[in-house]
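A.B. asks: There's a structure below that I have some questions on.
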Amino acid sequence: MKKIFKLATLLVPVLLGQAALGQWVINELHADPASDISGDANGDGTRDSSQDEFIELVNMTGGDVDIENWTINDGFGLRHTFVGSTVVADGQAVVVFGGGTPTGTFGNSVVQVASEGLVGLNNGGDTVTVFDESLTQVVSVTYGSEGGNNESLVRDPDLTGVTFVGHSAAAGSNGALFSPGTQIGGSPFGGDSLSVSVDPSSFLESAGASAATGTVTRTGDLTASLTVTLSSSDLTELTVPATVEIPALAASADFDIDAVDDADQDADQSVQITASGPNLFTGSATVTVSDDEAPIPTIEVAAVPTVFSENGGSSAVTVTISDASPSGYTFDVGVDDSSEASAPATVSIPPNATSGTFTVTGVDDVLSDGSQTVTVTVSDPGAIILERNLTIIVTDDEASELPTIVINEIRTDDVGADDDEYVELYSAEADFDLTDVWLIVLGDFGAGDTSGNVDRAYSLNGSSATGNYFVIGSDNMLLATPDYPAGTNIFENGDSLTFLLVTGFTGATGVDLDVDNDGTLDSTPWVSLLDAVSLVEPGDAPGAVGFGYAESLGFTNVLSTNGFVPAYVYRNPNGTGDLIAGPFGDDVTPAIDSPGAANSDGGVDPPGPVNVELVGFTMDGTSGSLTVTGLGADIYVVESSTDLGQADAWAPLASPASEVDNPDGSVSFNFVDPEAVGETKIFYRVAEAP
């Protein structure tokens, strides 16, 4: 159940009816590309469920803005950072795709791919928030299950629409499924622009002066001459003039591009040439400068086996180089934990050969310290060839001294933004040690998998409990302070999940342990299994519901009692009883969560109220957002009044506000007030629900 703390009344006056200037607008977002080529939103010729997701942001501030070091986040966390100067003209769009090679003009917008490897928007609903370089929220939107309909969501009309609609249903879309960087009908957002073309678009660094010709072209009024500012993103590869003049009545002008020859073995380099001018959308082109030096060799390292005992075990490591040398090579060898394994100081590759080998040997100790991960690094003493490393698992030969530890309580979903996801461990032995213990979560992460994927792998090595309980939980938990903060939105909702408490885990996140999806694990990459429980989605596996694996491993599958995946399970009696489904938590049946304390059938008193502070407020048309810190436990509403409740009594808004938990710990209440029209002063407050 969502824990909302009683909130001191907050009042924010807003004068409505003003033009929506001075704003950044999230105008379009795409969480669910269509499954065929029609879903190819980034235009690279391939439909990809992650790469073709995008977020479209439009600058409506009235001036150019450099968004260097701004970030885009969703409910999972950081998705993109704008690294380096990124100037966005007034009225210009910024489109961030999940990946791929975006191909097209995209309405002369600024186009980037997600720095974290994917946009990661959830089909079933998510919150997208933009923060500036000081971590101040710039703009945020929340959508629901309407995001999973094989098309983007867009404001209708563009920029000023209060709600998002499916793109194909928006006025002027002509059935199109998306329009990244442009208005719904495909036209640019407005404003004149510059564009850059280069001929040839690739050349050797030795091509010298005038290696290529660039052409900058403008749109709009041609009456006066225009001075265009040019820049190169890498002056060590190519240079351009500082400016180029487009004559009066002319639409374009040419300029020389000079290649820069260096002695670096740096392979092909992509360089962006950018053209900018006053009150014009920036234009750019990408050029490939090819190296004329012999490529730097690369090395690869591999070990057989990758797991061995500290007592007499060893592994043969092979170093392979891409190009042989008449004089051979000598590389340095390092081991990060000499108490677990040893290796020679160097390894040699003979003249005219492409590989050499060395041996890593286990170091036997008298410690009961479980399996240990050792990193072996091979590096070039001249620091020219990039180093490589690998990991080896050294298993213990002493008997384990772990106490009996069980999974005692789990919460995977609660009302709202899932602040209070956690797993509680319990042992009758107080202050128990968690050396070599892992919490593994198997689910169905990824569109191509139905079960058995390692969604989460938390190493608890180095941790120990204080008392009889240890909580692995969300960073922003309200119910308790986790002993092991595991991030935010840490568990899937609505899917079958299996929680495994193991020692000596040698797998990795993203690995499928049930490749054929038959309900039996094909591999069990751990030394011992201490406890397990599965929360099983109703329905027949495999299908879309996945499997629960705990029962097949000798433990408990907890089944649905209400048509939904159990979101809360606990042992009754505490520590020794069977794991059973508990209440999700609502106004009729409160939740009975007790992370870090004994389980019971009764309720748990929430913490008392804490100090509340208003840290932000925005209003765009009829859409508003209140951001506060310091919440206590109760249900809240956003209320409005035109005169602070004197003649016009405070009353909840017709549509309830949605809650967004921000990375800095604050909470935003996003709402829509259809009454917010005209030149009317309205006050808003967040208060305890009546």
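In the structure tokens, each chain is lettered A, B, ... as it comes, each chain's residues begin at 1, and ligands are numbered from 1 in order of appearance.
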Can you tell me, as a list in words, which residues in stretch 46-78 of chain A count as strand (DSSP E) by DSSP?

C.D. replies: Phe54, Ile55, Glu56, Leu57, Val58, Asn59, Met60, Val65, Asp66, Thr71, Ile72, Asn73 and Leu78 of chain A

A.B. asks: Each residue of stretch 320-436 of chain A with at least one atom at most 9 Å from stretch 661-674 of chain A should appear once, together with its nearest atom pair and the corresponding distance in Å (one decimal); atoms considered: only C-alpha atoms; ordering: chain, then increasing residue number; output as CSV.

C.D. replies:
residue,atom,partner,partner_atom,distance
A:Ala417,CA,A:Asp661,CA,6.5
A:Asp418,CA,A:Asp661,CA,8.8
A:Asp419,CA,A:Asp661,CA,7.7

A.B. asks: List the spatial neighbours of A:Val545 as a PyMOL selection string - criterion: any atom at most 7 Å away, only C-alpha atoms, same-chain residues fewer than 6 positions off excluded.

C.D. replies: chain A and resi 495-496+537+539

A.B. asks: Quick one, how far is atom CA of A:Val65 from atom CA of A:Arg218?

C.D. replies: 20.7 Å

A.B. asks: Do you know which residues are at most 9 Å from A:Ala316 counting only C-alpha atoms, after dropping those on the same chain fewer than 5 positions away, and could you put them as a list in words?

C.D. replies: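 Final neighbour list, sorted by chain and number: Ala302, Ala303, Val304, Pro305, Thr357, Phe358, Thr359, Val360 and Thr361 of chain A.
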
A.B. asks: To test your reading of the structure, identify every residue in stretch 147-220 of chain A that backbone DSSP assigns to helix (DSSP H, G or I), and report it as a list in words.

C.D. replies: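 Selecting the helix (DSSP H, G or I) positions of stretch 147-220 of chain A gives Gly147, Gly148, His167, Ser168, Ala169, Glu205, Ser206 and Ala207 of chain A.
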
A.B. asks: What's around A:Val637 at 8 Å? Count only C-alpha atoms, leave out sequence neighbours fewer than 2 positions away in its own chain, and write the answer as a compact mmCIF listing (two decimals) with C-alpha atoms, in the first residue's frame.

C.D. replies:
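Output saved as around_23.txt:
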# COMPACT_ATOMS: atom_id res chain seq x y z
CA ILE A 635 -3.86 9.88 1.51
CA GLU A 639 -7.45 21.13 -3.96
CA PRO A 652 -10.53 18.50 -4.64
CA LEU A 653 -9.91 18.70 -8.38
CA PRO A 656 -7.05 13.12 -9.05
CA ALA A 657 -3.41 14.16 -9.23
CA VAL A 686 -1.92 19.69 -1.38
CA ALA A 687 -3.72 18.51 1.74
CA GLU A 688 -4.84 15.40 3.56
CA ALA A 689 -7.81 13.77 1.87

A.B. asks: Given only C-alpha atoms as the basis, pick out the residue of A:Thr377, A:Ser284, A:Ser232, A:Ser552 nearest to A:Ala259.

C.D. replies: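 Checking each of A:Thr377, A:Ser284, A:Ser232, A:Ser552 against A:Ala259, counting only C-alpha atoms, the winner is A:Ser232.
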
A.B. asks: Go through A:Gly277, A:Gly186, A:Gly370, A:Gly84 and flag the residue nearest A:Thr217, using only C-alpha atoms for the distances.

C.D. replies: A:Gly277

A.B. asks: If we count only C-alpha atoms and set the cut-off at 10 Å, which residues sit around A:Leu235, ignoring sequence neighbours fewer than 5 positions away in its own chain? Please answer as a ChimeraX atom specification.

C.D. replies: /A:240,258-260,271

A.B. asks: For the atom pair atom CA of A:Thr488 and atom CA of A:Ile55, what is the interatomic distance in Å to one decimal place?

C.D. replies: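 Atom-to-atom, atom CA of A:Thr488 and atom CA of A:Ile55 are spaced 21.0 Å apart.
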
A.B. asks: Separation of atom CA of A:Ser309 and atom CA of A:Ala345, in Å?

C.D. replies: 21.6 Å
